[in-house]
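A.B. asks: My structure is stored as start_9.csv, with CSV, C-alpha atoms and all ligand atoms.
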chain,number,residue,atom,x,y,z
A,1,MET,CA,12.8,-31.5,-0.8
A,2,GLY,CA,12.6,-28.8,1.9
A,3,TYR,CA,13.6,-29.2,5.5
A,4,PHE,CA,10.1,-29.3,6.9
A,5,ARG,CA,7.7,-32.2,7.3
A,6,GLU,CA,5.6,-32.4,4.2
A,7,ASN,CA,2.4,-31.2,6.0
A,8,ILE,CA,4.2,-28.2,7.4
A,9,GLU,CA,5.7,-27.3,4.1
A,10,LYS,CA,2.2,-27.3,2.5
A,11,ALA,CA,0.5,-25.5,5.4
A,12,ALA,CA,-0.4,-21.8,4.9
A,13,GLY,CA,-0.4,-21.2,8.7
A,14,TYR,CA,-2.9,-19.2,10.7
A,15,GLN,CA,-3.7,-15.6,9.6
A,16,PRO,CA,-4.2,-13.5,12.7
A,17,GLY,CA,-6.5,-10.5,12.5
A,18,PHE,CA,-4.7,-7.2,11.6
A,19,GLN,CA,-3.0,-5.5,14.6
A,20,PRO,CA,-2.6,-1.8,13.7
A,21,ARG,CA,0.4,-0.2,15.3
A,22,GLN,CA,-1.1,3.3,15.6
A,23,ALA,CA,-3.2,4.2,18.6
A,24,ASN,CA,-5.9,6.5,17.2
A,25,VAL,CA,-8.0,3.8,15.4
A,26,VAL,CA,-11.3,2.1,16.1
A,27,LYS,CA,-10.3,-1.5,16.5
A,28,LEU,CA,-13.2,-3.8,16.3
A,29,ASN,CA,-11.5,-6.7,14.4
A,30,THR,CA,-10.1,-9.2,17.0
A,31,ASN,CA,-12.7,-9.4,19.7
A,32,GLU,CA,-10.7,-7.7,22.4
A,33,ASN,CA,-12.6,-6.2,25.4
A,34,PRO,CA,-12.9,-2.4,24.9
A,35,TYR,CA,-12.6,-1.7,28.6
A,36,PRO,CA,-9.3,-1.9,30.6
A,37,PRO,CA,-8.4,-4.8,32.9
A,38,SER,CA,-9.3,-4.5,36.6
A,39,PRO,CA,-7.3,-1.9,38.5
A,40,LYS,CA,-6.3,-4.7,40.8
A,41,VAL,CA,-4.5,-6.4,37.9
A,42,MET,CA,-2.6,-3.1,37.3
A,43,LYS,CA,-1.6,-2.9,41.0
A,44,VAL,CA,-0.3,-6.5,41.0
A,45,LEU,CA,1.7,-5.8,37.8
A,46,SER,CA,3.3,-2.8,39.4
A,47,GLU,CA,4.4,-4.8,42.4
A,48,ILE,CA,6.2,-7.6,40.5
A,49,GLY,CA,9.7,-7.7,42.0
A,50,SER,CA,13.1,-8.8,40.5
A,51,GLU,CA,13.2,-11.9,42.6
A,52,GLN,CA,10.0,-13.2,41.1
A,53,LEU,CA,11.5,-12.6,37.6
A,54,ARG,CA,14.8,-14.3,38.5
A,55,ARG,CA,13.2,-17.6,39.5
A,56,TYR,CA,11.1,-19.9,37.3
A,57,PRO,CA,7.4,-19.7,37.8
A,58,ASP,CA,5.2,-22.2,39.5
A,59,PRO,CA,4.9,-24.9,36.8
A,60,THR,CA,1.1,-25.4,37.4
A,61,GLY,CA,0.2,-21.8,38.4
A,62,SER,CA,-1.4,-23.0,41.7
A,63,ALA,CA,-2.5,-19.5,42.8
A,64,PHE,CA,-4.6,-19.1,39.6
A,65,ARG,CA,-5.9,-22.6,39.8
A,66,GLU,CA,-7.2,-22.1,43.3
A,67,ALA,CA,-8.8,-18.8,42.4
A,68,ALA,CA,-10.4,-20.2,39.2
A,69,ALA,CA,-11.6,-23.3,41.2
A,70,GLU,CA,-13.5,-21.1,43.6
A,71,VAL,CA,-15.1,-19.1,40.8
A,72,ASN,CA,-16.2,-22.2,38.9
A,73,GLY,CA,-17.2,-24.3,42.0
A,74,ILE,CA,-14.8,-27.2,41.3
A,75,GLY,CA,-11.5,-28.4,42.7
A,76,PRO,CA,-8.1,-26.9,41.6
A,77,ASP,CA,-7.1,-30.4,40.3
A,78,TYR,CA,-9.8,-29.8,37.5
A,79,ILE,CA,-7.8,-26.9,36.2
A,80,MET,CA,-4.7,-26.5,34.0
A,81,CYS,CA,-3.4,-23.0,33.1
A,82,CYS,CA,-2.3,-22.3,29.6
A,83,ASN,CA,-0.6,-19.7,27.5
A,84,GLY,CA,-3.9,-18.4,26.0
A,85,GLY,CA,-6.8,-20.6,25.0
A,86,ASP,CA,-4.9,-21.2,21.7
A,87,GLU,CA,-2.2,-23.2,23.6
A,88,LEU,CA,-4.9,-25.5,25.0
A,89,LEU,CA,-6.2,-26.1,21.5
A,90,ARG,CA,-2.7,-27.0,20.3
A,91,ILE,CA,-2.1,-29.3,23.3
A,92,ALA,CA,-5.5,-31.0,22.6
A,93,PHE,CA,-4.7,-31.6,18.9
A,94,GLN,CA,-1.3,-33.0,19.9
A,95,ALA,CA,-2.7,-35.2,22.6
A,96,PHE,CA,-5.8,-36.7,20.8
A,97,CYS,CA,-5.2,-36.5,17.1
A,98,ASP,CA,-2.9,-38.1,14.6
A,99,GLU,CA,-3.0,-39.8,11.1
A,100,ASN,CA,-5.5,-42.3,12.5
A,101,ARG,CA,-7.5,-40.1,14.9
A,102,PRO,CA,-9.3,-37.3,13.1
A,103,VAL,CA,-10.7,-34.1,14.6
A,104,ALA,CA,-14.3,-33.2,13.9
A,105,TYR,CA,-16.0,-29.8,14.3
A,106,PRO,CA,-19.0,-28.0,12.8
A,107,VAL,CA,-18.3,-25.2,10.3
A,108,PRO,CA,-18.1,-22.3,9.9
A,109,THR,CA,-16.2,-21.8,13.2
A,110,TYR,CA,-12.8,-20.6,14.6
A,111,SER,CA,-10.4,-20.7,11.7
A,112,LEU,CA,-7.5,-22.0,13.9
A,113,TYR,CA,-9.0,-25.5,14.0
A,114,PRO,CA,-8.2,-26.5,10.4
A,115,VAL,CA,-4.7,-25.0,10.8
A,116,LEU,CA,-4.0,-27.1,13.9
A,117,ALA,CA,-5.3,-30.2,12.0
A,118,GLU,CA,-2.9,-29.5,9.2
A,119,LEU,CA,0.1,-29.1,11.5
A,120,GLN,CA,-0.8,-32.2,13.5
A,121,ASN,CA,-1.3,-34.1,10.1
A,122,CYS,CA,-4.7,-35.4,11.1
A,123,LYS,CA,-7.8,-35.5,9.0
A,124,ALA,CA,-10.4,-32.7,9.8
A,125,ILE,CA,-14.0,-33.8,9.5
A,126,GLU,CA,-15.9,-30.6,8.9
A,127,ILE,CA,-19.7,-30.8,9.3
A,128,PRO,CA,-21.7,-27.8,8.1
A,129,PHE,CA,-24.1,-26.1,10.5
A,130,ASP,CA,-27.6,-25.6,9.2
A,131,ASN,CA,-28.8,-22.0,8.6
A,132,GLU,CA,-29.8,-21.7,12.3
A,133,PHE,CA,-26.5,-22.9,13.5
A,134,ASN,CA,-27.9,-26.0,15.3
A,135,LEU,CA,-25.5,-28.7,16.4
A,136,PRO,CA,-25.2,-31.1,13.4
A,137,ALA,CA,-26.5,-34.6,14.3
A,138,LYS,CA,-23.7,-36.2,12.3
A,139,LEU,CA,-21.1,-34.9,14.7
A,140,ALA,CA,-21.7,-37.6,17.3
A,141,ALA,CA,-21.2,-40.4,14.7
A,142,SER,CA,-17.9,-39.0,13.4
A,143,ALA,CA,-15.7,-41.4,15.6
A,144,ALA,CA,-13.1,-38.6,15.9
A,145,GLY,CA,-10.4,-38.7,18.5
A,146,LEU,CA,-11.3,-35.1,19.3
A,147,THR,CA,-14.5,-33.2,18.6
A,148,VAL,CA,-14.4,-29.4,19.0
A,149,VAL,CA,-17.5,-27.3,19.5
A,150,CYS,CA,-17.0,-23.5,19.9
A,151,ASN,CA,-19.8,-22.2,22.2
A,152,PRO,CA,-20.7,-19.4,21.7
A,153,ASN,CA,-19.6,-20.0,18.1
A,154,ALA,CA,-17.2,-17.8,16.3
A,155,PRO,CA,-17.8,-15.9,14.0
A,156,ASN,CA,-21.6,-15.6,14.5
A,157,GLY,CA,-22.1,-15.7,18.3
A,158,SER,CA,-24.8,-18.5,18.3
A,159,PHE,CA,-25.2,-20.6,21.5
A,160,ILE,CA,-25.9,-24.4,21.7
A,161,ASN,CA,-27.8,-25.5,24.8
A,162,VAL,CA,-25.9,-27.4,27.6
A,163,ASP,CA,-28.2,-30.4,27.3
A,164,GLU,CA,-27.3,-30.9,23.6
A,165,LEU,CA,-23.6,-30.8,24.4
A,166,ALA,CA,-24.2,-33.3,27.2
A,167,SER,CA,-25.8,-35.7,24.7
A,168,LEU,CA,-22.9,-35.2,22.4
A,169,ALA,CA,-20.4,-35.9,25.2
A,170,ASP,CA,-22.3,-39.0,25.9
A,171,GLU,CA,-22.3,-40.3,22.3
A,172,ALA,CA,-18.8,-39.2,21.3
A,173,ARG,CA,-16.2,-41.9,21.2
A,174,GLY,CA,-13.3,-39.5,21.8
A,175,VAL,CA,-12.8,-36.3,23.7
A,176,LEU,CA,-15.2,-33.3,23.4
A,177,LEU,CA,-13.5,-29.9,23.7
A,178,ILE,CA,-16.0,-27.1,24.3
A,179,ASP,CA,-14.3,-23.9,23.3
A,180,GLU,CA,-15.8,-21.3,25.7
A,181,ALA,CA,-13.5,-18.4,24.8
A,182,TYR,CA,-16.5,-16.2,24.6
A,183,VAL,CA,-18.8,-17.7,27.3
A,184,ASP,CA,-18.3,-14.8,29.7
A,185,PHE,CA,-20.8,-12.9,27.5
A,186,ALA,CA,-23.4,-15.8,27.4
A,187,GLU,CA,-26.1,-16.6,29.9
A,188,LYS,CA,-24.9,-20.2,30.5
A,189,ASN,CA,-21.8,-22.3,30.4
A,190,CYS,CA,-20.9,-26.0,30.4
A,191,THR,CA,-18.8,-26.2,33.6
A,192,ALA,CA,-21.2,-28.7,35.1
A,193,LEU,CA,-20.5,-31.2,32.3
A,194,VAL,CA,-17.0,-32.0,33.6
A,195,LYS,CA,-18.5,-33.5,36.7
A,196,ASP,CA,-20.5,-36.1,34.7
A,197,PHE,CA,-18.3,-36.8,31.7
A,198,ASP,CA,-14.6,-38.0,31.8
A,199,ASN,CA,-14.2,-37.0,28.1
A,200,VAL,CA,-15.1,-33.3,28.3
A,201,ILE,CA,-12.6,-30.4,28.3
A,202,ILE,CA,-13.7,-26.8,28.6
A,203,LEU,CA,-11.5,-24.0,27.2
A,204,ARG,CA,-11.6,-20.6,28.9
A,205,SER,CA,-9.7,-17.5,28.0
A,206,THR,CA,-8.9,-14.3,30.0
A,207,SER,CA,-8.5,-12.4,26.7
A,208,LYS,CA,-12.1,-11.4,26.3
A,209,GLY,CA,-14.2,-11.1,29.5
A,210,TYR,CA,-11.1,-10.1,31.6
A,211,SER,CA,-9.6,-7.7,29.1
A,212,LEU,CA,-6.2,-9.5,29.1
A,213,ALA,CA,-5.6,-10.4,25.4
A,214,GLY,CA,-2.1,-9.0,25.6
A,215,LEU,CA,-1.2,-11.2,28.5
A,216,ARG,CA,-1.8,-14.6,26.9
A,217,PHE,CA,-3.6,-16.6,29.6
A,218,GLY,CA,-6.3,-19.2,29.4
A,219,TYR,CA,-7.2,-22.4,31.2
A,220,ALA,CA,-8.7,-25.9,30.8
A,221,ILE,CA,-11.4,-27.4,33.0
A,222,ALA,CA,-11.7,-31.2,33.0
A,223,GLN,CA,-11.6,-34.2,35.2
A,224,PRO,CA,-8.2,-34.7,37.0
A,225,ASP,CA,-7.2,-37.7,34.9
A,226,LEU,CA,-7.7,-35.8,31.7
A,227,ILE,CA,-5.9,-32.8,33.2
A,228,ALA,CA,-2.9,-35.0,34.1
A,229,GLY,CA,-2.6,-36.2,30.5
A,230,LEU,CA,-2.8,-32.7,29.1
A,231,VAL,CA,-0.1,-31.6,31.6
A,232,LYS,CA,2.3,-34.1,30.0
A,233,VAL,CA,1.9,-32.3,26.6
A,234,LYS,CA,2.3,-28.7,27.8
A,235,ASP,CA,5.6,-26.9,28.1
A,236,SER,CA,7.0,-27.2,31.7
A,237,TYR,CA,6.7,-23.5,32.3
A,238,ASN,CA,3.9,-22.6,29.9
A,239,VAL,CA,2.6,-19.6,31.9
A,240,ASP,CA,5.0,-17.0,33.2
A,241,VAL,CA,5.1,-15.4,36.7
A,242,VAL,CA,3.7,-12.1,35.5
A,243,ALA,CA,0.8,-13.8,33.7
A,244,ILE,CA,-0.1,-16.0,36.7
A,245,ALA,CA,-0.1,-13.0,39.1
A,246,ALA,CA,-2.2,-10.8,36.7
A,247,ALA,CA,-4.7,-13.5,35.7
A,248,THR,CA,-5.2,-14.4,39.4
A,249,ALA,CA,-5.9,-10.8,40.3
A,250,ALA,CA,-8.3,-10.6,37.4
A,251,ILE,CA,-10.4,-13.7,38.2
A,252,ARG,CA,-10.5,-12.7,41.9
A,253,ASP,CA,-12.1,-9.4,41.0
A,254,GLN,CA,-15.5,-10.8,39.9
A,255,ASN,CA,-17.2,-7.6,40.8
A,256,TYR,CA,-15.2,-5.6,38.2
A,257,PHE,CA,-15.5,-8.5,35.7
A,258,GLN,CA,-19.3,-8.6,36.0
A,259,LYS,CA,-19.7,-4.9,35.5
A,260,THR,CA,-17.4,-4.9,32.4
A,261,VAL,CA,-19.3,-7.8,30.9
A,262,GLU,CA,-22.7,-6.1,31.5
A,263,LYS,CA,-21.5,-3.0,29.7
A,264,VAL,CA,-20.4,-5.0,26.7
A,265,LYS,CA,-23.7,-6.9,26.7
A,266,ALA,CA,-25.7,-3.6,26.8
A,267,GLU,CA,-23.7,-2.2,23.9
A,268,ARG,CA,-24.2,-5.5,22.0
A,269,THR,CA,-28.0,-5.0,22.3
A,270,ARG,CA,-27.8,-1.4,21.2
A,271,LEU,CA,-25.4,-2.0,18.3
A,272,THR,CA,-27.5,-5.0,17.0
A,273,GLY,CA,-30.6,-2.8,17.0
A,274,GLN,CA,-28.9,0.1,15.3
A,275,LEU,CA,-27.4,-2.1,12.6
A,276,ARG,CA,-30.8,-3.7,11.9
A,277,ASN,CA,-32.2,-0.2,11.5
A,278,LEU,CA,-29.6,0.4,8.9
A,279,GLY,CA,-30.8,-2.7,7.0
A,280,PHE,CA,-28.2,-5.3,8.1
A,281,ASP,CA,-29.4,-8.7,9.0
A,282,VAL,CA,-27.9,-9.4,12.5
A,283,PRO,CA,-28.7,-12.6,14.4
A,284,ASP,CA,-28.7,-12.4,18.2
A,285,SER,CA,-25.2,-13.0,19.6
A,286,SER,CA,-24.1,-14.6,22.9
A,287,ALA,CA,-20.5,-13.3,22.4
A,288,ASN,CA,-18.7,-9.9,22.4
A,289,PHE,CA,-19.1,-9.6,18.6
A,290,ILE,CA,-21.8,-9.8,16.0
A,291,LEU,CA,-22.0,-11.1,12.5
A,292,ALA,CA,-23.8,-8.6,10.3
A,293,GLU,CA,-25.0,-9.6,6.8
A,294,CYS,CA,-24.9,-6.9,4.1
A,295,LYS,CA,-28.1,-7.5,2.1
A,296,ASN,CA,-26.7,-5.4,-0.8
A,297,SER,CA,-23.7,-7.9,-1.3
A,298,LYS,CA,-21.3,-5.1,-0.7
A,299,ALA,CA,-19.6,-6.6,2.4
A,300,VAL,CA,-16.0,-6.3,1.0
A,301,GLU,CA,-16.5,-2.8,-0.2
A,302,VAL,CA,-18.0,-1.7,3.2
A,303,TYR,CA,-15.0,-3.4,4.9
A,304,LYS,CA,-12.5,-1.6,2.7
A,305,LYS,CA,-14.2,1.8,3.1
A,306,LEU,CA,-14.2,1.4,6.9
A,307,THR,CA,-10.5,0.4,6.9
A,308,GLN,CA,-9.7,3.6,4.9
A,309,ARG,CA,-11.3,5.5,7.8
A,310,ASN,CA,-9.2,3.6,10.4
A,311,ILE,CA,-12.2,1.6,11.5
A,312,PHE,CA,-11.1,-2.0,11.6
A,313,ILE,CA,-13.6,-4.9,11.5
A,314,ARG,CA,-13.1,-8.5,10.2
A,315,TYR,CA,-14.0,-9.9,6.8
A,316,PHE,CA,-13.6,-13.6,6.1
A,317,ALA,CA,-13.1,-14.5,2.5
A,318,TYR,CA,-15.0,-17.9,2.8
A,319,PRO,CA,-17.9,-18.6,0.5
A,320,GLU,CA,-20.4,-19.1,3.4
A,321,LEU,CA,-19.4,-15.8,5.0
A,322,LYS,CA,-18.9,-13.7,1.8
A,323,ASP,CA,-21.8,-11.2,2.5
A,324,LYS,CA,-20.9,-10.9,6.2
A,325,LEU,CA,-18.9,-8.7,8.5
A,326,ARG,CA,-17.8,-9.6,12.0
A,327,ILE,CA,-17.8,-6.6,14.3
A,328,THR,CA,-16.4,-6.7,17.9
A,329,ILE,CA,-18.5,-4.8,20.4
A,330,GLY,CA,-16.7,-1.6,21.3
A,331,THR,CA,-17.3,1.2,23.7
A,332,ALA,CA,-20.4,3.4,23.1
A,333,GLU,CA,-18.2,6.0,21.5
A,334,GLN,CA,-16.5,3.5,19.2
A,335,ASN,CA,-19.8,1.9,18.2
A,336,ASP,CA,-21.2,5.4,17.4
A,337,THR,CA,-18.2,6.2,15.2
A,338,LEU,CA,-18.8,2.9,13.4
A,339,LEU,CA,-22.5,3.5,12.9
A,340,LEU,CA,-21.9,7.1,11.6
A,341,ALA,CA,-19.3,5.8,9.1
A,342,LEU,CA,-21.7,3.0,8.0
A,343,LYS,CA,-24.5,5.5,7.4
A,344,GLU,CA,-22.2,7.6,5.2
A,345,ILE,CA,-20.9,4.6,3.3
A,346,LEU,CA,-24.4,3.1,2.7
A,347,TYR,CA,-25.5,6.6,1.5
A,348,GLU,CA,-22.6,6.7,-1.0
A,349,PHE,CA,-23.7,3.3,-2.3
A,350,GLY,CA,-27.2,4.8,-2.9
B,401,LIG,C1,-13.0,-19.3,19.4
B,401,LIG,C2,-11.7,-18.9,20.0
B,401,LIG,N1,-11.2,-19.8,20.8
B,401,LIG,C3,-10.0,-19.6,21.4
B,401,LIG,C4,-9.4,-18.4,21.2
B,401,LIG,C5,-8.1,-18.2,21.9
B,401,LIG,O1,-8.0,-17.1,22.7
B,401,LIG,P1,-6.7,-16.7,23.5
B,401,LIG,O2,-5.6,-17.6,23.0
B,401,LIG,O3,-6.5,-15.3,23.3
B,401,LIG,O4,-7.0,-17.1,25.0
B,401,LIG,C6,-9.9,-17.4,20.4
B,401,LIG,C7,-9.3,-16.1,20.2
B,401,LIG,O5,-9.7,-15.2,19.5
B,401,LIG,C8,-11.2,-17.7,19.8
B,401,LIG,O6,-11.7,-16.8,19.0
Write the structure described by the file as structure tokens, please.
Ligand SMILES: Cc1ncc(COP(=O)(O)O)c(C=O)c1O
C.D. replies:
Amino acid sequence: MGYFRENIEKAAGYQPGFQPRQANVVKLNTNENPYPPSPKVMKVLSEIGSEQLRRYPDPTGSAFREAAAEVNGIGPDYIMCCNGGDELLRIAFQAFCDENRPVAYPVPTYSLYPVLAELQNCKAIEIPFDNEFNLPAKLAASAAGLTVVCNPNAPNGSFINVDELASLADEARGVLLIDEAYVDFAEKNCTALVKDFDNVIILRSTSKGYSLAGLRFGYAIAQPDLIAGLVKVKDSYNVDVVAIAAATAAIRDQNYFQKTVEKVKAERTRLTGQLRNLGFDVPDSSANFILAECKNSKAVEVYKKLTQRNIFIRYFAYPELKDKLRITIGTAEQNDTLLLALKEILYEFG
């Protein structure tokens, strides 16, 4: 008998994407933004003083909540800061799931959800998407304590319409968490749903659209009663003083944010087209990555050959994703390096 609870003992834990230590690589494997954060973020960071570090941070990150409230057109009491979107997921599983309250989500999706279910010791009801990644009708009937829908979905970038998620919120018996980690690259978002539904939580991240994956900052949007319950579950000082200052500067600089996002979207269109020309099957994506299908069933070999050239993309060893490669949208130069390497690799395969 080990020291750990039985479910922890059995759990494999989450496998984060590879983080190479060397700088001279083409890193398209963990959906970071290829452009730097706003210069205003760097200025704020350079101005952090010792007195700010000596004291504990504002426990609710009010400066960020006020800025995010303005950007989203809601009140600051609808917002809770968190240590990356991942922390909000952990908080939600802890708050709404246990042995008698399952979590439900469509699959394939973000591979952290089953890991959190295992750690929380709750049943995970996994309902497969159809081939077009439509919202499964059975999701609403699942009677889960927590339903999670990733929108845009990872790892394929598909987008479910706001109306369909409104219907799901209406029918769900428990809480609906809409994971909008990638929504900055989509045309629409679900913010408006929190006004109509007291069971909707929206997850946002500053890791993707705001180029701050290294900072660890995200936030929840929900009605104040739900936010108050989530606050009970978070660490008292879950976001640090440096992160609050930098994330606030980032979200206040909407001009820089919009320009960066537009550049990523333009490259997404170009990379999608070029990969299709090379023979890959690439569905349209609303995120900062694409899921490319290798029609020659050589996805693993392509992935390995790219890795040998210090070009990192993501391969998931799941049956439904076995012929597919997930590629983060890089800069034009990074994408060109990838395309050239792919041409050579496909040529070698004949
Ligand atoms: C679907 C999805 N949700 C949430 C997150 C969490 O993002 P972060 O913790 O960096 O804010 C990620 C990170 O990759 C993700 O892919």
A.B. asks: Between A:Ala69, A:Val162, A:Ile178, A:Ala137, single out the one closest to Ala192 of chain A, counting all atoms listed in the file.
C.D. replies: A:Val162
A.B. asks: Can you work out which one of A:Asn31, A:Thr331, A:Gln254, A:Gln22 has the shortest atom-to-atom distance to ligand LIG 401 (chain B), counting all atoms listed in the file?
C.D. replies: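 Nearest to ligand LIG 401 (chain B): A:Asn31.
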A.B. asks: Using all atoms listed in the file, which residues have at least one atom no more than 10 Å from ligand LIG 401 (chain B)? Output them as JSON, numbers by chain.
C.D. replies: {"A": [16, 17, 30, 31, 32, 82, 83, 84, 85, 86, 87, 88, 89, 109, 110, 111, 112, 113, 149, 150, 151, 152, 153, 154, 155, 157, 178, 179, 180, 181, 182, 183, 203, 204, 205, 206, 207, 208, 212, 213, 214, 215, 216, 217, 218, 219]}
A.B. asks: Measuring between all atoms listed in the file, which one of A:Arg276, A:Lys298, A:Lys232, A:Lys27 shows the shortest distance to Leu325 of chain A?
C.D. replies: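 Selected residue with least distance to Leu325 of chain A: A:Lys298.
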A.B. asks: What does the structure give for the distance between atom CA of Val44 of chain A and atom CA of Ala245 of chain A, in Å to one decimal?
C.D. replies: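 Computing the Euclidean distance for atom CA of Val44 of chain A and atom CA of Ala245 of chain A yields 6.8 Å.
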